[in-house]
file start29.cif (mmCIF, C-alpha atoms)
data_protein
#
loop_
_atom_site.group_PDB
_atom_site.id
_atom_site.type_symbol
_atom_site.label_atom_id
_atom_site.label_comp_id
_atom_site.auth_asym_id
_atom_site.auth_seq_id
_atom_site.Cartn_x
_atom_site.Cartn_y
_atom_site.Cartn_z
ATOM 1 C CA MET A 305 -16.947 -29.637 43.982
ATOM 2 C CA ILE A 306 -15.406 -31.659 46.783
ATOM 3 C CA SER A 307 -13.323 -28.638 47.836
ATOM 4 C CA GLU A 308 -16.529 -26.723 48.563
ATOM 5 C CA LEU A 309 -17.731 -29.520 50.828
ATOM 6 C CA LEU A 310 -14.306 -29.670 52.506
ATOM 7 C CA ILE A 311 -14.498 -25.950 53.309
ATOM 8 C CA ASN A 312 -17.940 -26.552 54.779
ATOM 9 C CA ALA A 313 -16.751 -29.468 56.860
ATOM 10 C CA PHE A 314 -13.810 -27.398 58.139
ATOM 11 C CA LEU A 315 -15.955 -24.396 59.093
ATOM 12 C CA VAL A 316 -18.579 -26.521 60.826
ATOM 13 C CA THR A 317 -15.812 -28.220 62.828
ATOM 14 C CA ILE A 318 -14.580 -24.786 63.961
ATOM 15 C CA MET A 319 -18.130 -24.085 65.115
ATOM 16 C CA LEU A 320 -18.107 -27.336 67.094
ATOM 17 C CA SER A 321 -14.880 -26.362 68.874
ATOM 18 C CA ILE A 322 -16.313 -22.923 69.709
ATOM 19 C CA ALA A 323 -19.411 -24.601 71.159
ATOM 20 C CA ILE A 324 -17.288 -26.950 73.288
ATOM 21 C CA ALA A 325 -15.312 -23.953 74.558
ATOM 22 C CA LEU A 326 -18.663 -22.362 75.452
ATOM 23 C CA ILE A 327 -19.518 -25.330 77.664
ATOM 24 C CA LYS A 328 -16.169 -25.092 79.455
ATOM 25 C CA THR A 329 -15.926 -21.365 80.079
ATOM 26 C CA ARG A 330 -17.422 -19.879 83.241
ATOM 27 C CA THR A 331 -16.601 -16.225 82.612
ATOM 28 C CA VAL A 332 -19.434 -14.166 81.186
ATOM 29 C CA ILE A 333 -17.331 -11.965 78.885
ATOM 30 C CA PHE A 334 -15.752 -15.042 77.237
ATOM 31 C CA THR A 335 -19.223 -16.512 76.781
ATOM 32 C CA VAL A 336 -20.413 -13.381 74.976
ATOM 33 C CA ILE A 337 -17.346 -13.187 72.736
ATOM 34 C CA LEU A 338 -17.529 -16.886 71.853
ATOM 35 C CA THR A 339 -21.212 -16.510 70.945
ATOM 36 C CA SER A 340 -20.309 -13.643 68.637
ATOM 37 C CA ALA A 341 -17.533 -15.698 67.015
ATOM 38 C CA TYR A 342 -19.953 -18.590 66.600
ATOM 39 C CA SER A 343 -22.397 -16.369 64.702
ATOM 40 C CA LEU A 344 -19.620 -15.005 62.514
ATOM 41 C CA VAL A 345 -18.399 -18.479 61.499
ATOM 42 C CA ALA A 346 -22.039 -19.417 60.845
ATOM 43 C CA ALA A 347 -22.252 -16.407 58.497
ATOM 44 C CA LEU A 348 -19.167 -17.701 56.617
ATOM 45 C CA MET A 349 -20.855 -21.081 56.283
ATOM 46 C CA PHE A 350 -23.988 -19.451 54.886
ATOM 47 C CA ILE A 351 -21.852 -17.856 52.154
ATOM 48 C CA THR A 352 -20.330 -21.183 51.127
ATOM 49 C CA LEU A 353 -23.840 -22.686 51.121
ATOM 50 C CA ASP A 354 -25.042 -20.004 48.639
ATOM 51 C CA ALA A 355 -27.225 -18.145 51.122
ATOM 52 C CA VAL A 356 -25.757 -14.651 50.747
ATOM 53 C CA ASP A 357 -28.771 -12.768 52.099
ATOM 54 C CA VAL A 358 -28.855 -14.952 55.191
ATOM 55 C CA ALA A 359 -25.096 -14.507 55.598
ATOM 56 C CA PHE A 360 -25.168 -10.755 55.853
ATOM 57 C CA THR A 361 -28.238 -10.770 58.044
ATOM 58 C CA GLU A 362 -26.522 -13.231 60.386
ATOM 59 C CA ALA A 363 -23.294 -11.185 60.393
ATOM 60 C CA SER A 364 -25.056 -7.918 61.179
ATOM 61 C CA VAL A 365 -27.914 -9.100 63.376
ATOM 62 C CA GLY A 366 -26.614 -12.341 64.887
ATOM 63 C CA ALA A 367 -22.998 -11.334 65.423
ATOM 64 C CA GLY A 368 -23.600 -7.596 65.797
ATOM 65 C CA ILE A 369 -26.846 -6.662 67.495
ATOM 66 C CA SER A 370 -27.055 -9.812 69.661
ATOM 67 C CA THR A 371 -23.552 -9.168 70.969
ATOM 68 C CA ILE A 372 -24.434 -5.563 71.769
ATOM 69 C CA LEU A 373 -27.541 -6.758 73.642
ATOM 70 C CA PHE A 374 -25.501 -9.311 75.591
ATOM 71 C CA LEU A 375 -22.817 -6.741 76.453
ATOM 72 C CA ALA A 376 -25.455 -4.225 77.567
ATOM 73 C CA ALA A 377 -27.127 -6.825 79.794
ATOM 74 C CA MET A 378 -23.749 -8.043 81.080
ATOM 75 C CA ALA A 379 -23.026 -4.661 82.669
ATOM 76 C CA TYR A 380 -25.790 -5.248 85.240
ATOM 77 C CA LEU A 381 -25.147 -8.942 85.901
ATOM 78 C CA PRO A 382 -22.603 -10.951 87.921
ATOM 79 C CA LYS A 383 -19.350 -11.399 85.992
ATOM 80 C CA LYS A 384 -18.805 -15.046 86.899
ATOM 81 C CA GLU A 385 -20.943 -18.103 86.559
ATOM 82 C CA GLU A 386 -21.138 -20.235 89.701
ATOM 83 C CA GLU A 387 -20.520 -23.967 89.715
ATOM 84 C CA SER A 388 -23.919 -25.589 90.014
ATOM 85 C CA ILE A 389 -24.740 -27.671 93.074
ATOM 86 C CA SER A 390 -26.915 -30.220 91.331
ATOM 87 C CA SER A 391 -25.440 -32.858 89.052
ATOM 88 C CA GLU A 392 -25.271 -32.277 85.305
ATOM 89 C CA PHE A 393 -25.236 -35.976 84.550
ATOM 90 C CA ILE A 394 -28.903 -36.490 83.651
ATOM 91 C CA PRO A 395 -29.171 -33.499 81.268
ATOM 92 C CA ALA A 396 -25.898 -34.525 79.579
ATOM 93 C CA LEU A 397 -27.046 -38.124 79.222
ATOM 94 C CA SER A 398 -30.393 -37.172 77.718
ATOM 95 C CA CYS A 399 -28.697 -34.793 75.257
ATOM 96 C CA ILE A 400 -26.252 -37.515 74.200
ATOM 97 C CA ILE A 401 -29.062 -40.049 73.688
ATOM 98 C CA LEU A 402 -31.074 -37.556 71.625
ATOM 99 C CA GLY A 403 -27.968 -36.685 69.583
ATOM 100 C CA VAL A 404 -27.246 -40.345 68.847
ATOM 101 C CA ILE A 405 -30.835 -40.861 67.684
ATOM 102 C CA LEU A 406 -30.607 -37.804 65.405
ATOM 103 C CA ILE A 407 -27.300 -38.977 63.919
ATOM 104 C CA TRP A 408 -28.794 -42.419 63.363
ATOM 105 C CA CYS A 409 -31.683 -40.781 61.477
ATOM 106 C CA SER A 410 -29.260 -38.703 59.400
ATOM 107 C CA PHE A 411 -28.403 -41.774 57.296
ATOM 108 C CA ASP A 412 -31.860 -41.414 55.718
ATOM 109 C CA LEU A 413 -31.286 -37.759 54.806
ATOM 110 C CA PRO A 414 -30.288 -36.939 51.228
ATOM 111 C CA GLU A 415 -26.608 -36.084 50.742
ATOM 112 C CA ILE A 416 -25.765 -32.387 50.652
ATOM 113 C CA GLY A 417 -26.341 -30.773 47.271
ATOM 114 C CA GLN A 418 -28.332 -33.508 45.518
ATOM 115 C CA LEU A 419 -30.613 -31.977 42.889
ATOM 116 C CA THR A 420 -33.019 -34.896 43.314
ATOM 117 C CA ALA A 421 -33.694 -34.193 47.000
ATOM 118 C CA PRO A 422 -37.410 -33.739 47.799
ATOM 119 C CA ILE A 423 -36.945 -30.154 48.992
ATOM 120 C CA HIS A 424 -35.943 -29.028 45.492
ATOM 121 C CA GLN A 425 -38.965 -30.607 43.763
ATOM 122 C CA HIS A 426 -41.928 -28.922 45.388
ATOM 123 C CA ILE A 427 -42.438 -25.189 45.114
ATOM 124 C CA ALA A 428 -38.957 -23.671 44.787
ATOM 125 C CA PRO A 429 -38.829 -24.146 40.974
ATOM 126 C CA GLU A 430 -42.083 -22.190 40.691
ATOM 127 C CA TYR A 431 -40.622 -19.305 42.652
ATOM 128 C CA ILE A 432 -37.432 -19.309 40.579
ATOM 129 C CA LYS A 433 -39.420 -19.339 37.332
ATOM 130 C CA GLY A 434 -42.016 -16.816 38.423
ATOM 131 C CA SER A 435 -39.759 -14.318 40.150
ATOM 132 C CA LYS A 436 -38.801 -12.417 37.016
ATOM 133 C CA GLU A 437 -42.163 -12.628 35.204
ATOM 134 C CA ASP A 438 -44.491 -11.987 38.160
ATOM 135 C CA ILE A 439 -42.513 -9.534 40.239
ATOM 136 C CA GLY A 440 -39.500 -8.478 38.179
ATOM 137 C CA ILE A 441 -36.932 -8.546 40.974
ATOM 138 C CA PRO A 442 -33.719 -10.432 40.167
ATOM 139 C CA ASN A 443 -33.121 -11.399 43.786
ATOM 140 C CA ILE A 444 -35.445 -14.367 44.319
ATOM 141 C CA VAL A 445 -35.110 -14.254 48.113
ATOM 142 C CA THR A 446 -36.407 -10.681 48.156
ATOM 143 C CA SER A 447 -39.339 -11.455 45.905
ATOM 144 C CA VAL A 448 -40.368 -14.480 47.961
ATOM 145 C CA LEU A 449 -39.933 -12.598 51.237
ATOM 146 C CA ALA A 450 -41.799 -9.466 50.265
ATOM 147 C CA SER A 451 -44.361 -10.774 47.806
ATOM 148 C CA TYR A 452 -45.053 -14.507 47.703
ATOM 149 C CA ARG A 453 -44.710 -14.830 51.471
ATOM 150 C CA GLY A 454 -45.546 -11.265 52.433
ATOM 151 C CA TYR A 455 -47.905 -12.403 55.178
ATOM 152 C CA ASP A 456 -45.077 -14.290 56.894
ATOM 153 C CA THR A 457 -43.011 -11.125 56.955
ATOM 154 C CA PHE A 458 -46.004 -9.216 58.315
ATOM 155 C CA GLY A 459 -46.307 -11.794 61.115
ATOM 156 C CA GLU A 460 -42.596 -11.449 61.818
ATOM 157 C CA THR A 461 -42.995 -7.694 62.169
ATOM 158 C CA ILE A 462 -45.810 -8.244 64.683
ATOM 159 C CA VAL A 463 -43.625 -10.651 66.675
ATOM 160 C CA VAL A 464 -40.740 -8.174 66.798
ATOM 161 C CA PHE A 465 -43.090 -5.354 67.805
ATOM 162 C CA THR A 466 -44.597 -7.474 70.589
ATOM 163 C CA ALA A 467 -41.143 -8.402 71.854
ATOM 164 C CA GLY A 468 -40.128 -4.731 71.846
ATOM 165 C CA VAL A 469 -43.218 -3.736 73.832
ATOM 166 C CA ALA A 470 -42.585 -6.570 76.305
ATOM 167 C CA VAL A 471 -38.947 -5.544 76.783
ATOM 168 C CA LEU A 472 -39.965 -1.927 77.413
ATOM 169 C CA ALA A 473 -42.641 -3.018 79.897
ATOM 170 C CA LEU A 474 -40.220 -5.262 81.799
ATOM 171 C CA LEU A 475 -37.413 -2.731 82.035
ATOM 172 C CA GLU A 476 -39.732 0.184 82.807
ATOM 173 C CA LYS A 477 -41.157 -1.604 85.835
ATOM 174 C CA LYS A 478 -37.671 -2.093 87.216
ATOM 175 C CA ASN A 479 -37.129 1.656 87.314
ATOM 176 C CA THR A 480 -40.432 2.531 88.986
ATOM 177 C CA THR A 481 -40.180 -0.075 91.760
ATOM 178 C CA LYS A 482 -36.664 0.953 92.730
ATOM 179 C CA LYS A 483 -37.103 4.704 92.741
ATOM 180 C CA ASN A 484 -39.916 6.894 93.993
ATOM 181 C CA LYS A 485 -42.458 8.565 91.784
ATOM 182 C CA SER A 486 -40.690 11.863 91.266
ATOM 183 C CA GLN A 487 -37.704 10.202 89.599
ATOM 184 C CA PRO A 488 -39.261 9.322 86.212
ATOM 185 C CA LYS A 489 -40.310 12.948 85.637
ATOM 186 C CA GLN A 490 -36.733 14.113 85.997
ATOM 187 C CA LYS A 491 -35.626 11.428 83.606
ATOM 188 C CA ILE A 492 -38.055 12.655 80.974
ATOM 189 C CA ARG A 493 -36.778 16.185 81.403
ATOM 190 C CA LYS A 494 -33.206 15.000 80.928
ATOM 191 C CA ASN A 495 -34.089 13.181 77.754
ATOM 192 C CA ALA A 496 -35.942 16.176 76.365
ATOM 193 C CA MET B 1115 -16.506 -43.154 50.392
ATOM 194 C CA ILE B 1116 -14.850 -39.891 51.456
ATOM 195 C CA SER B 1117 -17.307 -37.845 49.452
ATOM 196 C CA SER B 1118 -20.310 -39.609 50.983
ATOM 197 C CA THR B 1119 -18.903 -39.116 54.485
ATOM 198 C CA ILE B 1120 -18.369 -35.415 53.804
ATOM 199 C CA GLY B 1121 -21.873 -35.387 52.322
ATOM 200 C CA ILE B 1122 -23.443 -36.061 55.693
ATOM 201 C CA TRP B 1123 -20.631 -34.753 57.936
ATOM 202 C CA ASN B 1124 -22.374 -31.375 58.107
ATOM 203 C CA TYR B 1125 -25.518 -32.992 59.464
ATOM 204 C CA TRP B 1126 -23.613 -34.830 62.171
ATOM 205 C CA ILE B 1127 -21.827 -31.734 63.426
ATOM 206 C CA VAL B 1128 -25.017 -29.691 63.215
ATOM 207 C CA PHE B 1129 -26.771 -32.277 65.378
ATOM 208 C CA CYS B 1130 -23.881 -32.143 67.872
ATOM 209 C CA LEU B 1131 -24.180 -28.335 67.951
ATOM 210 C CA MET B 1132 -27.907 -28.616 68.590
ATOM 211 C CA MET B 1133 -27.303 -30.970 71.474
ATOM 212 C CA ILE B 1134 -24.667 -28.643 72.961
ATOM 213 C CA GLY B 1135 -27.222 -25.819 72.780
ATOM 214 C CA LEU B 1136 -29.862 -28.012 74.403
ATOM 215 C CA PHE B 1137 -27.408 -29.047 77.128
ATOM 216 C CA LEU B 1138 -26.617 -25.393 77.894
ATOM 217 C CA VAL B 1139 -30.350 -24.725 78.217
ATOM 218 C CA ILE B 1140 -31.324 -27.678 80.420
ATOM 219 C CA GLY B 1141 -28.033 -28.486 82.175
ATOM 220 C CA ARG B 1142 -26.660 -25.110 83.243
ATOM 221 C CA LYS B 1143 -28.263 -23.177 86.074
ATOM 222 C CA ASN B 1144 -26.996 -19.741 85.043
ATOM 223 C CA LEU B 1145 -29.821 -17.898 83.279
ATOM 224 C CA LEU B 1146 -27.506 -15.939 80.953
ATOM 225 C CA LYS B 1147 -25.888 -19.202 79.874
ATOM 226 C CA LYS B 1148 -29.326 -20.614 79.130
ATOM 227 C CA ILE B 1149 -30.017 -17.748 76.739
ATOM 228 C CA VAL B 1150 -26.640 -18.285 75.060
ATOM 229 C CA GLY B 1151 -27.645 -21.947 74.713
ATOM 230 C CA LEU B 1152 -30.856 -20.897 72.989
ATOM 231 C CA ALA B 1153 -28.852 -18.763 70.558
ATOM 232 C CA ILE B 1154 -26.525 -21.701 69.803
ATOM 233 C CA PHE B 1155 -29.486 -24.004 69.222
ATOM 234 C CA GLN B 1156 -31.125 -21.454 66.919
ATOM 235 C CA THR B 1157 -28.038 -20.900 64.809
ATOM 236 C CA SER B 1158 -27.512 -24.626 64.364
ATOM 237 C CA VAL B 1159 -31.114 -25.065 63.216
ATOM 238 C CA PHE B 1160 -30.506 -22.252 60.700
ATOM 239 C CA LEU B 1161 -27.437 -24.135 59.467
ATOM 240 C CA LEU B 1162 -29.471 -27.317 59.036
ATOM 241 C CA TYR B 1163 -32.087 -25.522 56.925
ATOM 242 C CA ILE B 1164 -29.521 -23.757 54.745
ATOM 243 C CA THR B 1165 -27.662 -27.044 54.258
ATOM 244 C CA PHE B 1166 -30.877 -28.591 52.909
ATOM 245 C CA GLY B 1167 -31.214 -25.751 50.395
ATOM 246 C CA LYS B 1168 -27.742 -26.155 48.865
ATOM 247 C CA ILE B 1169 -27.419 -27.607 45.365
ATOM 248 C CA LYS B 1170 -24.072 -28.839 44.017
ATOM 249 C CA GLY B 1171 -22.754 -26.424 41.403
ATOM 250 C CA GLY B 1172 -25.563 -24.007 42.141
ATOM 251 C CA THR B 1173 -25.254 -20.250 42.484
ATOM 252 C CA PRO B 1174 -26.882 -17.904 45.001
ATOM 253 C CA PRO B 1175 -30.532 -17.381 43.998
ATOM 254 C CA ILE B 1176 -30.061 -14.097 42.155
ATOM 255 C CA LEU B 1177 -31.227 -14.234 38.527
ATOM 256 C CA ASN B 1178 -28.640 -13.792 35.798
ATOM 257 C CA GLU B 1179 -28.780 -13.752 31.998
ATOM 258 C CA SER B 1180 -27.700 -17.304 31.149
ATOM 259 C CA ILE B 1181 -30.465 -19.879 30.774
ATOM 260 C CA ASP B 1182 -28.960 -23.057 32.202
ATOM 261 C CA THR B 1183 -27.902 -21.698 35.600
ATOM 262 C CA ILE B 1184 -28.799 -23.838 38.609
ATOM 263 C CA TYR B 1185 -29.957 -21.744 41.557
ATOM 264 C CA SER B 1186 -29.836 -22.991 45.120
ATOM 265 C CA ASN B 1187 -33.217 -23.319 46.775
ATOM 266 C CA PRO B 1188 -34.360 -19.816 47.874
ATOM 267 C CA LEU B 1189 -37.161 -20.976 50.166
ATOM 268 C CA PRO B 1190 -35.059 -22.011 53.211
ATOM 269 C CA HIS B 1191 -33.166 -18.719 52.892
ATOM 270 C CA VAL B 1192 -36.413 -16.762 53.223
ATOM 271 C CA LEU B 1193 -37.564 -18.784 56.231
ATOM 272 C CA ILE B 1194 -34.214 -18.351 57.973
ATOM 273 C CA LEU B 1195 -34.060 -14.607 57.272
ATOM 274 C CA THR B 1196 -37.333 -14.304 59.161
ATOM 275 C CA ALA B 1197 -36.111 -16.620 61.912
ATOM 276 C CA ILE B 1198 -32.876 -14.663 62.525
ATOM 277 C CA VAL B 1199 -34.759 -11.437 63.186
ATOM 278 C CA VAL B 1200 -37.295 -13.192 65.417
ATOM 279 C CA GLY B 1201 -34.363 -14.868 67.212
ATOM 280 C CA VAL B 1202 -32.868 -11.515 68.147
ATOM 281 C CA ALA B 1203 -36.254 -10.361 69.444
ATOM 282 C CA THR B 1204 -36.419 -13.514 71.588
ATOM 283 C CA THR B 1205 -32.894 -12.922 72.899
ATOM 284 C CA ALA B 1206 -33.743 -9.337 73.832
ATOM 285 C CA LEU B 1207 -36.875 -10.460 75.677
ATOM 286 C CA GLY B 1208 -34.970 -13.197 77.516
ATOM 287 C CA LEU B 1209 -32.193 -10.810 78.523
ATOM 288 C CA SER B 1210 -34.665 -8.288 79.897
ATOM 289 C CA LEU B 1211 -36.328 -11.080 81.915
ATOM 290 C CA VAL B 1212 -32.898 -12.009 83.296
ATOM 291 C CA LEU B 1213 -32.201 -8.369 84.215
ATOM 292 C CA ARG B 1214 -35.539 -8.174 85.994
ATOM 293 C CA ILE B 1215 -34.881 -11.408 87.910
ATOM 294 C CA ASN B 1216 -31.460 -10.089 88.887
ATOM 295 C CA SER B 1217 -32.944 -6.867 90.257
ATOM 296 C CA GLU B 1218 -35.565 -8.790 92.270
ATOM 297 C CA TYR B 1219 -33.447 -11.643 93.636
ATOM 298 C CA GLY B 1220 -29.887 -10.313 93.346
ATOM 299 C CA SER B 1221 -28.783 -13.452 91.544
ATOM 300 C CA ILE B 1222 -29.212 -15.135 88.181
ATOM 301 C CA GLU B 1223 -28.380 -18.641 89.370
ATOM 302 C CA GLU B 1224 -31.453 -20.840 89.205
ATOM 303 C CA ASP B 1225 -30.572 -22.585 92.495
ATOM 304 C CA ASP B 1226 -30.404 -19.275 94.395
ATOM 305 C CA VAL B 1227 -33.663 -18.031 92.926
ATOM 306 C CA SER B 1228 -35.622 -21.187 93.743
ATOM 307 C CA ALA B 1229 -34.043 -21.370 97.242
ATOM 308 C CA GLN B 1230 -35.210 -17.816 97.960
ATOM 309 C CA ASP B 1231 -38.671 -18.700 96.687
ATOM 310 C CA LEU B 1232 -38.747 -21.723 98.990
ATOM 311 C CA VAL B 1233 -37.707 -19.637 102.020
ATOM 312 C CA ASP B 1234 -40.419 -17.082 101.269
ATOM 313 C CA TYR B 1235 -42.966 -19.858 100.924
ATOM 314 C CA HIS B 1236 -42.095 -21.393 104.305
ATOM 315 C CA ASP B 1237 -42.095 -17.983 105.995
ATOM 316 C CA ASP B 1238 -45.568 -17.396 104.681
ATOM 317 C CA ILE B 1239 -46.784 -20.744 106.000
ATOM 318 C CA GLU B 1240 -45.304 -20.137 109.474
ATOM 319 C CA THR B 1241 -46.641 -16.647 109.916
ATOM 320 C CA GLY B 1242 -49.869 -17.385 108.090
ATOM 321 C CA LYS B 1243 -49.534 -13.908 106.618
ATOM 322 C CA ASN B 1244 -50.654 -13.159 103.085
ATOM 323 C CA PHE B 1245 -51.024 -16.830 102.471
ATOM 324 C CA ASP B 1246 -54.716 -16.812 101.600
ATOM 325 C CA LEU B 1247 -54.357 -13.564 99.713
ATOM 326 C CA LYS B 1248 -51.663 -14.994 97.474
ATOM 327 C CA PHE B 1249 -53.825 -17.852 96.329
ATOM 328 C CA LYS B 1250 -56.969 -15.775 95.970
ATOM 329 C CA LYS B 1251 -55.168 -13.505 93.580
#
call {"tool": "encode", "arguments": {"input": "start29.cif", "output": "structure tokens"}}
result
Amino acid sequence: MISELLINAFLVTIMLSIAIALIKTRTVIFTVILTSAYSLVAALMFITLDAVDVAFTEASVGAGISTILFLAAMAYLPKKEEESISSEFIPALSCIILGVILIWCSFDLPEIGQLTAPIHQHIAPEYIKGSKEDIGIPNIVTSVLASYRGYDTFGETIVVFTAGVAVLALLEKKNTTKKNKSQPKQKIRKNA
Amino acid sequence: MISSTIGIWNYWIVFCLMMIGLFLVIGRKNLLKKIVGLAIFQTSVFLLYITFGKIKGGTPPILNESIDTIYSNPLPHVLILTAIVVGVATTALGLSLVLRINSEYGSIEEDDVSAQDLVDYHDDIETGKNFDLKFKK
């Protein structure tokens, strides 16, 4: 059992080193690649923590689609990050203070994997028991996502739709302000 | 002793990761870096949730035949599945805002953008042009 925790500790330390490298690098392409690597290591951690569904969603969406989005945006942006004029001392100090407070609070958290932790007592046992009888799907995550908490998933769909509409609106306006009115018509014809 | 340290080691590193994400958001002036910081923060919050759901000796929450299997808590997994997809939508929205800012100002450094805003503002005051209109809108 301790080996499992050791693997976790090792992976999470890799993630820490990737994050520190992210602070240091000033080149945009390195930033994007490090973010992708970060997501991939996070996906590995999700597997060791028994969250297989989350792991493959993170690997495909977090490490895949996000990286594609970043690379697509990168093509239109400056390739180097400039050194900032203002001091980074106050933000760094406030982050460190907040981190110390959080770590101090972590002594009250239950140890990883305790069956007696409060989170495992409330409603999860009901879902595990009811999944087969009520819904008949062996994958409990699917049955909770699609049935017990179907409204949450519906809300998520609305959020994603809204974000998609907003992205289209933002990028569309960029085209029309730069070019004159006859340009969009040609574009439509090309696409057709 | 070692086992109890490893038991909360994950939490410590996850908190450090969160703070690195927060620092990238509030400390760095590059807008793309801020969005990367948001992504880092998000992923570390996901890790925290999934860590809470783990049970020692448990299996992934997929039902099998044997009766005495311990399943890890499925509820955090569901919440985080939703959050990952919403996170990508947020990233896409942020990136398109950054692209738009870049096409308007020609820069994605926060200092440049606010300096240009300040220059515009003072020009408007000196010429007195459009100044009333701007605020009436």
call {"tool": "resolve_selection", "arguments": {"input": "start29.cif", "expression": "the PyMOL selection byres ((chain A) within 6 of (chain B))", "output": "PyMOL selection string"}}
result
chain A and resi 353-354+358+392+395+399+407+415-419+442-445+449+464+467+471
call {"tool": "resolve_selection", "arguments": {"input": "start29.cif", "expression": "the PyMOL selection byres ((chain A and resi 309-320) around 7)", "output": "PDB file with C-alpha atoms, in the frame of the given file"}}
result
ATOM      1  CA  MET A 305     -16.947 -29.637  43.982  1.00  0.00           C
ATOM      2  CA  ILE A 306     -15.406 -31.659  46.783  1.00  0.00           C
ATOM      3  CA  SER A 307     -13.323 -28.638  47.836  1.00  0.00           C
ATOM      4  CA  GLU A 308     -16.529 -26.723  48.563  1.00  0.00           C
ATOM      5  CA  SER A 321     -14.880 -26.362  68.874  1.00  0.00           C
ATOM      6  CA  ILE A 322     -16.313 -22.923  69.709  1.00  0.00           C
ATOM      7  CA  ALA A 323     -19.411 -24.601  71.159  1.00  0.00           C
ATOM      8  CA  ILE A 324     -17.288 -26.950  73.288  1.00  0.00           C
ATOM      9  CA  TYR A 342     -19.953 -18.590  66.600  1.00  0.00           C
ATOM     10  CA  VAL A 345     -18.399 -18.479  61.499  1.00  0.00           C
ATOM     11  CA  MET A 349     -20.855 -21.081  56.283  1.00  0.00           C
ATOM     12  CA  THR A 352     -20.330 -21.183  51.127  1.00  0.00           C
TER      13      THR A 352
ATOM     14  CA  ILE B1120     -18.369 -35.415  53.804  1.00  0.00           C
ATOM     15  CA  TRP B1123     -20.631 -34.753  57.936  1.00  0.00           C
ATOM     16  CA  ASN B1124     -22.374 -31.375  58.107  1.00  0.00           C
ATOM     17  CA  ILE B1127     -21.827 -31.734  63.426  1.00  0.00           C
ATOM     18  CA  LEU B1131     -24.180 -28.335  67.951  1.00  0.00           C
TER      19      LEU B1131
END
call {"tool": "atom_distance", "arguments": {"input": "start29.cif", "atom1": "atom CA of A:Gly366", "atom2": "atom CA of A:Glu386"}}
result
26.6 Å
call {"tool": "atom_distance", "arguments": {"input": "start29.cif", "atom1": "atom CA of A:Pro429", "atom2": "atom CA of A:Tyr452"}}
result
13.3 Å
call {"tool": "atom_distance", "arguments": {"input": "start29.cif", "atom1": "atom CA of A:Leu344", "atom2": "atom CA of A:Ser364"}}
result
9.0 Å
call {"tool": "closest_residue", "arguments": {"input": "start29.cif", "among": "A:Leu402, A:Asp357, A:Lys436, A:Ile333", "to": "A:Ala379", "atoms": "all atoms listed in the file"}}
result
A:Ile333
call {"tool": "residues_around", "arguments": {"input": "start29.cif", "residues": "A:Glu385", "least_positions_apart": "3", "cutoff": "7 Å", "atoms": "only C-alpha atoms", "output": "short mmCIF file (atom, residue, chain, number, x, y, z; two decimals) with C-alpha atoms, in the frame of the given file"}}
result
data_model
loop_
_atom_site.label_atom_id
_atom_site.label_comp_id
_atom_site.auth_asym_id
_atom_site.auth_seq_id
_atom_site.Cartn_x
_atom_site.Cartn_y
_atom_site.Cartn_z
CA ARG A 330 -17.42 -19.88 83.24
CA THR A 331 -16.60 -16.23 82.61
CA VAL A 332 -19.43 -14.17 81.19
CA ASN B 1144 -27.00 -19.74 85.04
#
